[in-house]
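Engineer: Input structure: model-v8.tsv, which contains TSV, C-alpha atoms.
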```tsv
chain	number	residue	atom	x	y	z
A	101	MET	CA	64.96	-11.34	-23.61
A	102	LYS	CA	64.58	-9.12	-26.65
A	103	LYS	CA	61.35	-10.90	-27.53
A	104	ILE	CA	59.98	-10.25	-24.08
A	105	LEU	CA	60.91	-6.59	-24.27
A	106	THR	CA	59.18	-6.19	-27.63
A	107	LEU	CA	56.10	-7.94	-26.28
A	108	LEU	CA	56.12	-5.66	-23.27
A	109	LEU	CA	56.34	-2.62	-25.53
A	110	ILE	CA	53.41	-3.87	-27.60
A	111	THR	CA	51.43	-4.43	-24.42
A	112	ILE	CA	52.09	-0.93	-23.14
A	113	SER	CA	51.34	0.72	-26.46
A	114	LEU	CA	48.10	-1.24	-26.85
A	115	SER	CA	46.90	-0.55	-23.35
A	116	SER	CA	47.49	3.16	-23.75
A	117	CYS	CA	45.15	3.10	-26.77
A	118	GLU	CA	42.26	1.86	-24.67
A	119	LYS	CA	40.60	5.22	-24.12
A	120	ASP	CA	41.06	6.24	-27.73
A	121	ASP	CA	38.30	4.24	-29.26
A	122	ILE	CA	35.90	6.64	-30.88
A	123	CYS	CA	32.50	5.79	-32.24
A	124	ILE	CA	32.80	5.78	-36.03
A	125	ASP	CA	29.94	3.43	-36.88
A	126	GLU	CA	26.55	4.65	-38.02
A	127	THR	CA	24.33	5.06	-34.98
A	128	THR	CA	20.84	6.45	-34.33
A	129	PRO	CA	19.50	7.56	-37.73
A	130	ARG	CA	17.50	10.67	-38.51
A	131	LEU	CA	14.37	10.65	-40.62
A	132	ILE	CA	15.19	11.62	-44.21
A	133	LEU	CA	12.59	13.73	-46.02
A	134	GLU	CA	12.79	14.59	-49.70
A	135	PHE	CA	10.70	17.29	-51.33
A	136	TYR	CA	9.17	16.81	-54.77
A	137	ASP	CA	7.14	18.94	-57.15
A	138	ILE	CA	3.39	18.14	-56.98
A	139	SER	CA	2.93	19.07	-60.64
A	140	ASN	CA	5.80	16.85	-61.71
A	141	PRO	CA	6.20	14.19	-58.98
A	142	SER	CA	9.45	12.74	-60.29
A	143	ASN	CA	11.28	16.08	-59.97
A	144	LEU	CA	12.89	17.28	-56.76
A	145	LYS	CA	11.80	20.72	-55.60
A	146	ASN	CA	13.76	23.04	-53.35
A	147	VAL	CA	12.13	24.48	-50.26
A	148	VAL	CA	12.15	28.23	-49.59
A	149	ASN	CA	12.93	29.49	-46.08
A	150	LEU	CA	11.47	26.40	-44.48
A	151	LYS	CA	11.65	26.85	-40.71
A	152	ILE	CA	11.53	23.58	-38.79
A	153	LYS	CA	10.94	23.31	-35.09
A	154	GLY	CA	10.11	20.36	-32.86
A	155	VAL	CA	6.81	20.92	-31.03
A	156	GLY	CA	7.64	21.68	-27.41
A	157	GLN	CA	11.23	22.66	-28.19
A	158	THR	CA	12.54	26.17	-27.60
A	159	ASP	CA	15.18	26.20	-30.36
A	160	ASP	CA	14.56	25.81	-34.06
A	161	LEU	CA	16.08	22.83	-35.78
A	162	GLY	CA	16.96	25.28	-38.54
A	163	ILE	CA	15.79	27.35	-41.48
A	164	TYR	CA	16.33	25.52	-44.76
A	165	ASN	CA	16.66	27.23	-48.07
A	166	ALA	CA	17.36	25.91	-51.58
A	167	VAL	CA	17.57	22.28	-50.48
A	168	SER	CA	15.31	19.37	-51.33
A	169	LYS	CA	16.46	16.97	-48.62
A	170	ILE	CA	16.10	17.40	-44.87
A	171	GLU	CA	17.12	15.21	-41.93
A	172	LEU	CA	14.84	15.23	-38.88
A	173	PRO	CA	15.98	13.76	-35.56
A	174	LEU	CA	13.33	11.62	-33.89
A	175	ASP	CA	12.77	11.64	-30.14
A	176	ILE	CA	14.40	8.45	-28.80
A	177	THR	CA	12.46	8.57	-25.54
A	178	GLN	CA	8.96	8.81	-27.08
A	179	ASP	CA	7.01	6.83	-29.66
A	180	THR	CA	5.93	10.02	-31.36
A	181	THR	CA	7.65	13.19	-32.61
A	182	GLN	CA	5.85	16.28	-33.92
A	183	TYR	CA	7.44	19.00	-36.03
A	184	SER	CA	6.19	22.36	-37.18
A	185	LEU	CA	7.22	23.18	-40.76
A	186	ILE	CA	6.75	26.81	-41.83
A	187	LEU	CA	7.26	27.48	-45.51
A	188	ASN	CA	8.25	31.03	-46.54
A	189	SER	CA	8.88	31.69	-42.85
A	190	THR	CA	10.57	35.04	-43.49
A	191	SER	CA	7.61	36.42	-45.40
A	192	SER	CA	5.00	38.25	-43.31
A	193	THR	CA	2.13	37.33	-45.59
A	194	GLY	CA	3.14	34.15	-47.41
A	195	ALA	CA	4.15	32.06	-44.40
A	196	ASN	CA	2.29	28.78	-44.06
A	197	GLU	CA	2.62	26.41	-41.13
A	198	ASP	CA	1.87	22.69	-41.29
A	199	PHE	CA	2.44	20.12	-38.57
A	200	LEU	CA	3.77	16.65	-39.20
A	201	GLN	CA	3.47	14.00	-36.53
A	202	PHE	CA	5.51	10.84	-36.86
A	203	ASN	CA	4.35	7.74	-34.97
A	204	TYR	CA	6.70	4.79	-34.62
A	205	THR	CA	8.04	2.00	-32.46
A	206	ARG	CA	11.62	1.98	-31.22
A	207	GLN	CA	14.27	-0.66	-30.74
A	208	ASN	CA	17.72	-0.33	-29.18
A	209	VAL	CA	20.35	-2.26	-31.11
A	210	PHE	CA	23.92	-2.91	-29.99
A	211	VAL	CA	26.54	-1.38	-32.31
A	212	SER	CA	30.00	-1.59	-30.76
A	213	ARG	CA	32.01	-0.88	-27.62
A	214	ALA	CA	32.61	2.76	-28.50
A	215	CYS	CA	29.09	3.48	-29.77
A	216	GLY	CA	27.14	1.32	-27.38
A	217	TYR	CA	23.55	1.16	-28.54
A	218	LYS	CA	21.62	2.95	-31.25
A	219	THR	CA	17.88	3.39	-31.60
A	220	VAL	CA	16.21	2.26	-34.81
A	221	PHE	CA	12.62	3.15	-35.65
A	222	GLU	CA	9.76	1.48	-37.39
A	223	LEU	CA	7.13	3.93	-38.65
A	224	ASN	CA	3.55	2.84	-38.20
A	225	GLY	CA	1.97	1.86	-41.52
A	226	PHE	CA	-0.22	4.14	-43.60
A	227	PRO	CA	-2.07	6.24	-42.55
A	228	SER	CA	-1.01	6.55	-38.90
A	229	GLY	CA	2.76	6.71	-39.54
A	230	VAL	CA	2.73	10.35	-40.61
A	231	ILE	CA	-0.17	12.64	-39.68
A	232	LYS	CA	-0.49	16.09	-41.22
A	233	THR	CA	-2.35	18.84	-39.35
A	234	ASP	CA	-2.85	22.51	-40.10
A	235	ALA	CA	-1.82	25.49	-37.99
A	236	ALA	CA	-3.98	26.56	-35.05
A	237	ILE	CA	-5.50	29.30	-37.19
A	238	PRO	CA	-6.33	27.35	-40.38
A	239	GLU	CA	-4.58	28.70	-43.45
A	240	GLY	CA	-4.59	25.66	-45.70
A	241	PHE	CA	-1.91	23.04	-46.27
A	242	TRP	CA	1.20	23.73	-48.27
A	243	ILE	CA	2.08	20.02	-48.10
A	244	GLN	CA	-0.05	18.36	-50.78
A	245	ASP	CA	0.87	14.71	-50.43
A	246	ILE	CA	3.05	12.43	-48.30
A	247	ASN	CA	4.47	9.09	-49.43
A	248	ILE	CA	6.14	6.75	-46.95
A	249	LEU	CA	8.87	5.07	-49.01
A	250	THR	CA	10.04	2.80	-46.21
A	251	THR	CA	8.82	2.28	-42.67
A	252	ASN	CA	12.23	1.00	-41.50
A	253	ILE	CA	14.29	3.90	-40.23
A	254	GLU	CA	17.66	2.20	-39.80
A	255	THR	CA	20.04	4.19	-41.95
A	256	GLU	CA	20.39	7.73	-43.27
A	257	ASN	CA	21.55	6.44	-46.65
A	258	GLU	CA	18.03	6.28	-48.05
A	259	THR	CA	15.02	8.57	-48.23
A	260	HIS	CA	12.24	7.48	-45.92
A	261	ILE	CA	9.49	9.95	-46.76
A	262	LYS	CA	8.61	11.82	-49.93
A	263	ILE	CA	6.77	15.11	-49.57
A	264	LEU	CA	5.03	16.73	-52.53
A	265	PHE	CA	4.19	20.42	-52.61
B	264	MET	CA	37.47	-24.20	-41.05
B	265	ARG	CA	39.97	-21.38	-40.76
B	266	HIS	CA	40.04	-21.82	-36.98
B	267	ILE	CA	40.48	-25.58	-37.18
B	268	SER	CA	43.47	-25.31	-39.51
B	269	LYS	CA	45.00	-22.66	-37.25
B	270	PHE	CA	44.64	-24.91	-34.24
B	271	PHE	CA	46.01	-27.85	-36.18
B	272	PHE	CA	49.01	-25.81	-37.27
B	273	SER	CA	49.81	-24.77	-33.72
B	274	VAL	CA	49.52	-28.36	-32.54
B	275	CYS	CA	51.99	-29.31	-35.28
B	276	ILE	CA	54.44	-26.70	-33.99
B	277	VAL	CA	54.19	-28.17	-30.53
B	278	LEU	CA	54.82	-31.68	-31.84
B	279	LEU	CA	57.71	-30.55	-34.02
B	280	SER	CA	59.45	-28.95	-31.08
B	281	PHE	CA	59.25	-32.24	-29.21
B	282	LEU	CA	60.67	-34.03	-32.23
B	283	GLY	CA	63.68	-31.72	-32.32
B	284	ASN	CA	64.32	-32.45	-28.70
B	285	ALA	CA	64.08	-36.19	-29.08
B	286	GLN	CA	67.09	-36.25	-31.36
B	287	GLU	CA	69.36	-35.15	-28.56
B	288	LYS	CA	68.82	-38.46	-26.84
B	289	THR	CA	70.73	-40.39	-29.53
B	290	THR	CA	74.06	-38.85	-28.55
B	291	ILE	CA	76.29	-41.12	-26.51
B	292	LYS	CA	77.96	-39.64	-23.49
B	293	LYS	CA	81.68	-40.24	-23.03
B	294	ASP	CA	82.61	-38.15	-20.04
B	295	SER	CA	84.56	-38.73	-16.89
B	296	ILE	CA	83.18	-35.65	-15.08
B	297	PRO	CA	80.32	-36.65	-12.76
B	298	PRO	CA	77.12	-36.12	-14.71
B	299	LYS	CA	75.10	-33.02	-13.96
B	300	LYS	CA	71.71	-33.77	-12.50
B	301	GLU	CA	68.65	-31.60	-12.86
B	302	ARG	CA	65.47	-31.61	-10.85
B	303	TYR	CA	62.09	-32.45	-12.35
B	304	GLY	CA	58.80	-31.77	-10.72
B	305	LEU	CA	55.66	-29.79	-10.37
B	306	ARG	CA	55.43	-26.04	-9.78
B	307	VAL	CA	52.23	-24.49	-8.42
B	308	GLY	CA	51.53	-20.85	-7.79
B	309	VAL	CA	49.21	-17.93	-7.84
B	310	ASP	CA	48.91	-14.78	-9.94
B	311	LEU	CA	49.68	-11.86	-7.62
B	312	PHE	CA	48.50	-9.29	-10.13
B	313	LYS	CA	44.90	-10.53	-10.09
B	314	LEU	CA	45.02	-11.08	-6.35
B	315	THR	CA	46.19	-7.58	-5.45
B	316	ARG	CA	43.91	-5.99	-8.03
B	317	SER	CA	40.96	-7.59	-6.21
B	318	PHE	CA	41.92	-5.54	-3.15
B	319	TYR	CA	42.48	-2.11	-4.63
B	320	GLU	CA	39.90	-2.21	-7.42
B	321	THR	CA	36.30	-2.31	-6.25
B	322	ASP	CA	34.94	-3.39	-9.64
B	323	TYR	CA	37.23	-6.38	-9.93
B	324	ARG	CA	37.60	-9.74	-8.25
B	325	GLY	CA	39.81	-12.42	-9.66
B	326	LEU	CA	42.00	-15.36	-8.80
B	327	GLU	CA	44.34	-17.34	-11.00
B	328	LEU	CA	46.23	-20.47	-10.05
B	329	VAL	CA	49.16	-21.46	-12.21
B	330	GLY	CA	51.04	-24.70	-12.54
B	331	ASP	CA	53.64	-26.36	-14.68
B	332	TYR	CA	55.21	-29.77	-14.90
B	333	ARG	CA	58.69	-30.30	-16.29
B	334	LEU	CA	58.29	-32.81	-19.06
B	335	THR	CA	61.71	-32.79	-20.71
B	336	ARG	CA	64.85	-30.75	-20.11
B	337	ARG	CA	63.38	-27.72	-21.87
B	338	HIS	CA	59.67	-28.41	-22.11
B	339	TYR	CA	57.09	-27.75	-19.46
B	340	LEU	CA	53.44	-28.62	-19.52
B	341	ALA	CA	51.74	-25.49	-18.25
B	342	ALA	CA	48.24	-24.54	-17.21
B	343	GLU	CA	46.33	-21.70	-15.62
B	344	ILE	CA	42.91	-21.89	-14.04
B	345	GLY	CA	41.06	-18.84	-12.87
B	346	ASN	CA	37.88	-17.02	-12.05
B	347	GLU	CA	37.03	-13.39	-12.69
B	348	ASP	CA	34.22	-11.01	-11.83
B	349	LYS	CA	34.68	-7.65	-13.50
B	350	THR	CA	32.45	-4.65	-13.95
B	351	VAL	CA	33.39	-2.37	-16.83
B	352	SER	CA	32.10	1.17	-16.93
B	353	ASP	CA	32.60	2.55	-20.43
B	354	ASP	CA	31.15	5.77	-21.79
B	355	GLN	CA	28.21	4.05	-23.41
B	356	VAL	CA	27.80	0.76	-21.56
B	357	ASN	CA	28.21	-0.59	-18.04
B	358	PHE	CA	28.35	-4.35	-17.72
B	359	THR	CA	29.53	-7.15	-15.44
B	360	THR	CA	31.30	-10.27	-16.67
B	361	LYS	CA	31.59	-13.34	-14.44
B	362	GLY	CA	33.19	-16.61	-15.33
B	363	THR	CA	35.81	-19.32	-15.09
B	364	TYR	CA	38.58	-20.16	-17.48
B	365	LEU	CA	41.21	-22.81	-18.10
B	366	LYS	CA	44.32	-22.47	-20.20
B	367	ALA	CA	46.59	-25.39	-21.03
B	368	GLY	CA	49.66	-25.71	-23.18
B	369	PHE	CA	53.42	-25.75	-22.91
B	370	ASP	CA	56.43	-23.56	-22.24
B	371	TYR	CA	59.81	-23.92	-23.88
B	372	ASN	CA	62.74	-22.76	-21.76
B	373	SER	CA	65.28	-21.02	-23.95
B	374	PHE	CA	67.58	-20.03	-21.08
B	375	GLN	CA	70.98	-21.73	-20.52
B	376	ASN	CA	71.42	-21.94	-16.77
B	377	TRP	CA	74.79	-21.90	-15.03
B	378	GLY	CA	75.53	-24.48	-12.38
B	379	ASN	CA	72.48	-25.59	-10.53
B	380	MET	CA	70.36	-22.57	-11.31
B	381	GLU	CA	66.86	-23.28	-12.50
B	382	ASN	CA	65.74	-19.98	-13.98
B	383	ILE	CA	63.48	-19.87	-16.96
B	384	ILE	CA	63.03	-17.55	-19.90
B	385	SER	CA	60.36	-19.15	-21.95
B	386	VAL	CA	58.07	-18.92	-24.90
B	387	GLY	CA	54.96	-21.02	-25.09
B	388	LEU	CA	51.49	-21.60	-26.34
B	389	ARG	CA	48.18	-22.04	-24.56
B	390	TYR	CA	44.73	-23.03	-25.59
B	391	GLY	CA	42.16	-21.24	-23.47
B	392	VAL	CA	38.50	-21.91	-22.82
B	393	SER	CA	36.18	-19.76	-20.80
B	394	SER	CA	32.62	-20.14	-19.62
B	395	PHE	CA	30.95	-16.96	-18.42
B	396	SER	CA	27.92	-14.74	-18.17
B	397	GLN	CA	27.44	-11.05	-18.99
B	398	THR	CA	25.06	-8.69	-17.26
B	399	LEU	CA	24.25	-5.44	-19.01
B	400	ASN	CA	23.78	-3.09	-16.07
B	401	SER	CA	23.01	0.10	-17.95
B	402	TYR	CA	23.57	1.80	-21.26
B	403	GLN	CA	23.11	5.05	-23.08
B	404	VAL	CA	21.83	5.22	-26.65
B	405	TYR	CA	24.36	6.92	-28.90
B	406	ASN	CA	22.57	9.78	-30.57
B	407	PRO	CA	24.71	12.12	-32.69
B	408	ASN	CA	21.78	14.57	-33.07
B	409	PRO	CA	20.48	15.23	-29.56
B	410	TYR	CA	17.86	17.83	-30.59
B	411	PHE	CA	15.40	16.42	-28.05
B	412	GLY	CA	17.94	16.43	-25.24
B	413	GLU	CA	20.70	14.21	-23.96
B	414	SER	CA	20.04	10.54	-24.31
B	415	PRO	CA	19.10	9.12	-20.89
B	416	VAL	CA	20.95	6.30	-19.14
B	417	ILE	CA	18.80	3.21	-19.44
B	418	ILE	CA	18.95	0.72	-16.58
B	419	SER	CA	18.79	-2.72	-18.12
B	420	GLY	CA	19.95	-5.54	-15.84
B	421	GLU	CA	19.59	-8.01	-18.68
B	422	LYS	CA	21.68	-11.15	-18.08
B	423	PHE	CA	23.21	-13.28	-20.79
B	424	ASP	CA	24.03	-16.78	-19.53
B	425	GLY	CA	25.85	-19.73	-20.97
B	426	LEU	CA	28.42	-17.78	-22.98
B	427	SER	CA	31.75	-19.30	-23.94
B	428	ALA	CA	34.93	-18.50	-25.81
B	429	GLN	CA	38.03	-20.31	-26.97
B	430	TRP	CA	41.35	-18.80	-27.91
B	431	ILE	CA	45.07	-19.33	-28.47
B	432	GLU	CA	47.73	-17.48	-26.50
B	433	VAL	CA	51.35	-16.89	-27.32
B	434	VAL	CA	53.20	-16.54	-24.04
B	435	ALA	CA	56.57	-15.01	-23.27
B	436	GLY	CA	57.67	-15.20	-19.69
B	437	MET	CA	60.39	-15.63	-17.14
B	438	LYS	CA	60.71	-17.25	-13.74
B	439	ALA	CA	63.51	-16.84	-11.25
B	440	GLU	CA	64.21	-18.80	-8.09
B	441	VAL	CA	64.40	-16.21	-5.31
B	442	LEU	CA	64.38	-18.56	-2.33
B	443	SER	CA	64.83	-22.29	-2.22
B	444	ASN	CA	62.02	-23.72	-4.38
B	445	ILE	CA	60.19	-20.37	-4.45
B	446	PHE	CA	59.92	-18.77	-7.86
B	447	VAL	CA	58.66	-15.38	-8.96
B	448	GLY	CA	57.83	-14.80	-12.56
B	449	PHE	CA	55.90	-12.78	-15.02
B	450	SER	CA	54.51	-13.36	-18.45
B	451	VAL	CA	52.91	-11.37	-21.23
B	452	ARG	CA	50.45	-12.90	-23.62
B	453	LEU	CA	49.02	-12.13	-27.02
B	454	ASN	CA	45.64	-13.73	-27.46
B	455	ARG	CA	43.67	-14.56	-30.58
B	456	LEU	CA	40.06	-15.67	-30.36
B	457	VAL	CA	39.22	-18.90	-32.11
B	458	SER	CA	35.52	-18.95	-31.44
B	459	GLN	CA	33.01	-17.30	-29.18
B	460	ASN	CA	29.37	-17.53	-28.33
B	461	ARG	CA	28.02	-13.96	-28.52
B	462	PRO	CA	25.03	-12.70	-26.57
B	463	ASN	CA	22.00	-11.54	-28.52
B	464	ASN	CA	22.03	-7.74	-29.02
B	465	PHE	CA	25.24	-7.33	-26.99
B	466	ASP	CA	28.85	-8.42	-27.36
B	467	ASN	CA	31.59	-10.10	-25.35
B	468	LEU	CA	33.50	-6.92	-24.53
B	469	TYR	CA	35.38	-8.72	-21.77
B	470	ILE	CA	36.07	-12.43	-21.49
B	471	PRO	CA	37.45	-13.96	-18.26
B	472	GLY	CA	41.00	-15.13	-18.93
B	473	PHE	CA	41.14	-13.42	-22.31
B	474	ASN	CA	40.59	-9.91	-20.97
B	475	ARG	CA	39.25	-7.00	-22.97
B	476	THR	CA	38.42	-7.83	-26.56
B	477	TYR	CA	39.72	-5.61	-29.31
B	478	ASN	CA	38.41	-5.38	-32.84
B	479	GLY	CA	39.88	-8.18	-34.90
B	480	ASP	CA	39.61	-10.74	-32.07
B	481	PHE	CA	42.95	-9.82	-30.48
B	482	GLY	CA	43.64	-9.49	-26.81
B	483	ILE	CA	46.52	-9.11	-24.42
B	484	GLY	CA	47.23	-10.60	-21.05
B	485	PHE	CA	49.71	-10.31	-18.25
B	486	ASN	CA	50.43	-12.12	-15.03
B	487	TYR	CA	52.88	-11.83	-12.16
B	488	THR	CA	53.24	-15.07	-10.28
B	489	VAL	CA	54.80	-16.50	-7.19
B	490	SER	CA	55.07	-20.27	-7.18
B	491	TYR	CA	56.46	-23.21	-5.25
B	492	PHE	CA	58.45	-26.00	-6.88
B	493	ILE	CA	57.77	-29.56	-5.69
B	494	PRO	CA	60.73	-31.71	-6.79
B	495	LEU	CA	59.68	-35.21	-7.81
B	496	TYR	CA	62.82	-36.81	-9.28
B	497	LYS	CA	66.24	-36.04	-10.70
B	498	ALA	CA	67.51	-36.85	-14.14
B	499	THR	CA	71.00	-36.79	-15.58
B	500	VAL	CA	71.69	-34.09	-18.12
B	501	LYS	CA	72.69	-35.60	-21.40
B	502	ALA	CA	75.73	-33.95	-22.95
B	503	LYS	CA	75.34	-32.22	-26.24
B	504	LYS	CA	77.25	-32.90	-29.43
B	505	LYS	CA	78.89	-29.48	-29.37
B	506	GLU	CA	80.47	-30.05	-26.00
B	507	GLU	CA	81.85	-33.40	-27.15
B	508	SER	CA	83.50	-32.03	-30.26
B	509	LYS	CA	85.18	-29.31	-28.21
B	510	LYS	CA	86.70	-31.90	-25.92
B	511	LYS	CA	87.97	-33.93	-28.85
B	512	LYS	CA	89.87	-30.92	-30.19
B	513	LYS	CA	91.66	-30.55	-26.88
```
Will you turn the file into structure tokens for me?
Structural biologist:
Amino acid sequence: MKKILTLLLITISLSSCEKDDICIDETTPRLILEFYDISNPSNLKNVVNLKIKGVGQTDDLGIYNAVSKIELPLDITQDTTQYSLILNSTSSTGANEDFLQFNYTRQNVFVSRACGYKTVFELNGFPSGVIKTDAAIPEGFWIQDINILTTNIETENETHIKILF
Amino acid sequence: MRHISKFFFSVCIVLLSFLGNAQEKTTIKKDSIPPKKERYGLRVGVDLFKLTRSFYETDYRGLELVGDYRLTRRHYLAAEIGNEDKTVSDDQVNFTTKGTYLKAGFDYNSFQNWGNMENIISVGLRYGVSSFSQTLNSYQVYNPNPYFGESPVIISGEKFDGLSAQWIEVVAGMKAEVLSNIFVGFSVRLNRLVSQNRPNNFDNLYIPGFNRTYNGDFGIGFNYTVSYFIPLYKATVKAKKKEESKKKKK
């Protein structure tokens, strides 16, 4: 009888945990950009007041300062995502806007019960994977060079794209 | 290999328990009191829990038939056969599992009945197999950075056929005779998956007979049965050594 009671207790305690499962696995990754110095391509270079905004979005993704690594969410309902990147955005004269368009294919991969599915991306190969365009009123590019390090966007633990400026 | 040795071990336990029982037969009865007779037979029933749940829960339909056959004084061959159709609506996924299962094993009655009572408090083991299909109705991509808006619900409808699973259950249960030959009982079960055939790019989140799967291949089960006992024959209860030695002292 004691055994049955213990088993019952275990059952009740387990069933009450059902709703508690929280997604702790890595899910949909962001695109990881790292900024390097064009004059010394092996050295990281910090950005200054870099304002990033998705084209068509009303809110900024953020203004980044003194960092060399940025995570960009990709649109999981489209095969393309375009961002506006304005360097020195707080300066009235030195601001420079470049657009980056990322083209990719998507795949939904099952993760777990709590997380459900995640979207992983495969960037199109060079040169159509990342396309750089200038602002509407041309002012020159601040981004000098773009290297795609990996086309598989499956984890945030690695850098996908190297940007030299 | 790990699964095979586990199964083999549990089979050994079953055989050992029979061995222990067989030794009782060697005792010689010297008693003038008319020997106590116990009934042996087949008990068949239905799981009321699954049956009633089919009525009040729109996303669930299930039926389980249970049966046991009294093999020795304390051992019962036991089996459950059932069918389930369940739709689970979790936060991220909505899916339907349909399938049939069979569980077979034994129960050991550890209860000492008084007089002619035939109640049972048992522990037992089952080996379960299930054949089923999963349909992924809809899902939502988990996106921790929804800068481009909430992730939409994607209607899938993809069906995964020909799935199967096998598992071992440890059962603790009781049955009480409430009317002549009518028993009510309940049991709780701890399940451990032995093997399963997973769908591609999905998982067996629910297995008919096994129930919801937890991480680490564990599961729990429960049933509430009403059953009818069909007596087939009677056998004399063999006295135990303990009882004999008591009488000698007197």
Engineer: So that I can check the surroundings of stretch 157-162 of chain A, please list as a short mmCIF file (atom, residue, chain, number, x, y, z; two decimals) with C-alpha atoms, in the frame of the given file every protein, DNA and RNA residue that reaches within 12 Å of it, counting all atoms listed in the file and ignoring chain neighbours fewer than 3 positions away.
Structural biologist:
```cif
data_model
loop_
_atom_site.label_atom_id
_atom_site.label_comp_id
_atom_site.auth_asym_id
_atom_site.auth_seq_id
_atom_site.Cartn_x
_atom_site.Cartn_y
_atom_site.Cartn_z
CA ASN A 149 12.93 29.49 -46.08
CA LEU A 150 11.47 26.40 -44.48
CA LYS A 151 11.65 26.85 -40.71
CA ILE A 152 11.53 23.58 -38.79
CA LYS A 153 10.94 23.31 -35.09
CA GLY A 154 10.11 20.36 -32.86
CA ASN A 165 16.66 27.23 -48.07
CA ILE A 170 16.10 17.40 -44.87
CA GLU A 171 17.12 15.21 -41.93
CA LEU A 172 14.84 15.23 -38.88
CA PRO A 173 15.98 13.76 -35.56
CA LEU A 174 13.33 11.62 -33.89
CA ASP A 175 12.77 11.64 -30.14
CA THR A 181 7.65 13.19 -32.61
CA GLN A 182 5.85 16.28 -33.92
CA TYR A 183 7.44 19.00 -36.03
CA SER A 184 6.19 22.36 -37.18
CA LEU A 185 7.22 23.18 -40.76
CA ILE A 186 6.75 26.81 -41.83
CA SER A 189 8.88 31.69 -42.85
CA ASN B 408 21.78 14.57 -33.07
CA PRO B 409 20.48 15.23 -29.56
CA TYR B 410 17.86 17.83 -30.59
CA PHE B 411 15.40 16.42 -28.05
CA GLY B 412 17.94 16.43 -25.24
#
```
Engineer: So what do you get for atom CA of B:Phe485 versus atom CA of B:Val451, distance-wise?
Structural biologist: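 Atom CA of B:Val451 lies at a distance of 4.5 Å from atom CA of B:Phe485.
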Engineer: Find, counting all atoms listed in the file, the residue in A:Ile243, A:Tyr217, A:Glu134, A:Gln178 that gets nearest to chain B.
Structural biologist: A:Tyr217
Engineer: Write down, as a PyMOL selection string, each residue of chain B that has any atom within 10 Å of an atom of chain A, counting only C-alpha atoms.
Structural biologist: chain B and resi 353-357+373-374+384-386+402-415+434-437+450-453+463-468+475-478+482-485
Engineer: What does the distance from atom CA of B:Leu442 to atom CA of B:Tyr491 come to in Å, to one decimal?
Structural biologist: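 Answer for the atom CA of B:Leu442 to atom CA of B:Tyr491 separation: 9.6 Å.
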Engineer: Could you list, as a list in words, every residue within 6 Å of stretch 397-401 of chain B, counting only C-alpha atoms and ignoring same-chain residues fewer than 5 positions away?
Structural biologist: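 Counting only the stated atoms, we get Asn357, Phe358, Thr359, Thr360, Ile417, Ile418, Ser419, Gly420, Glu421, Lys422 and Phe423 of chain B.
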Engineer: Just the selected residues (C-alpha atoms), exported as an mmCIF file, in the frame of the given file, please.
Structural biologist:
```
data_model
loop_
_atom_site.group_PDB
_atom_site.id
_atom_site.type_symbol
_atom_site.label_atom_id
_atom_site.label_comp_id
_atom_site.auth_asym_id
_atom_site.auth_seq_id
_atom_site.Cartn_x
_atom_site.Cartn_y
_atom_site.Cartn_z
ATOM 1 C CA ASN B 357 28.210 -0.590 -18.040
ATOM 2 C CA PHE B 358 28.350 -4.350 -17.720
ATOM 3 C CA THR B 359 29.530 -7.150 -15.440
ATOM 4 C CA THR B 360 31.300 -10.270 -16.670
ATOM 5 C CA ILE B 417 18.800 3.210 -19.440
ATOM 6 C CA ILE B 418 18.950 0.720 -16.580
ATOM 7 C CA SER B 419 18.790 -2.720 -18.120
ATOM 8 C CA GLY B 420 19.950 -5.540 -15.840
ATOM 9 C CA GLU B 421 19.590 -8.010 -18.680
ATOM 10 C CA LYS B 422 21.680 -11.150 -18.080
ATOM 11 C CA PHE B 423 23.210 -13.280 -20.790
#
```
Engineer: Could you pull the residues within 7 Å of A:Asn224, counting all atoms listed in the file, minus those fewer than 2 positions along the same chain, as a ChimeraX atom specification?
Structural biologist: /A:203-204,222,226,228-229,251
Engineer: Name the residues in contact with A:Lys232 at a cut-off of 8 Å, using all atoms listed in the file, excluding same-chain residues fewer than 4 positions from it; report them as number ranges by chain.
Structural biologist: A: 198-201
Engineer: Which is closest to B:Arg306 among B:Val416, B:Leu326, B:Leu365, B:Ile445, if we use all atoms listed in the file?
Structural biologist: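 So, comparing all the options, the nearest one is B:Ile445.
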Engineer: Please compute the atom CA of A:Ile261-atom CA of A:Leu249 distance, one decimal, in Å.
Structural biologist: 5.4 Å
Engineer: Check the smallest atom-to-atom distance from each of A:Val220, A:Ile138, A:Leu133, A:Ile231 to A:Thr255 using all atoms listed in the file, then report the winner.
Structural biologist: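 For A:Thr255, the nearest of the candidates is A:Val220.
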Engineer: For B:Asn444, work out the shell of residues within 12 Å, counting all atoms listed in the file and skipping chain neighbours fewer than 2 positions away, then give it as a ChimeraX atom specification.
Structural biologist: /B:302-308,380-382,438-442,446-447,489-494
Engineer: Emit as lines of an AutoDock Vina configuration file the padded axis-aligned box for all listed atoms of stretch 161-173 of chain A, 3 Å per side, with centre and edge lengths in Å to one decimal.
Structural biologist:
```
center_x = 16.2
center_y = 20.6
center_z = -43.6
size_x = 8.7
size_y = 19.6
size_z = 22.0
```
Engineer: Mind listing whatever residues come within 10 Å of the point (11.7, 4.1, -46.2)? Use all atoms listed in the file, file coordinates, and give them as a ChimeraX atom specification.
Structural biologist: /A:131-133,222-223,247-256,258-262
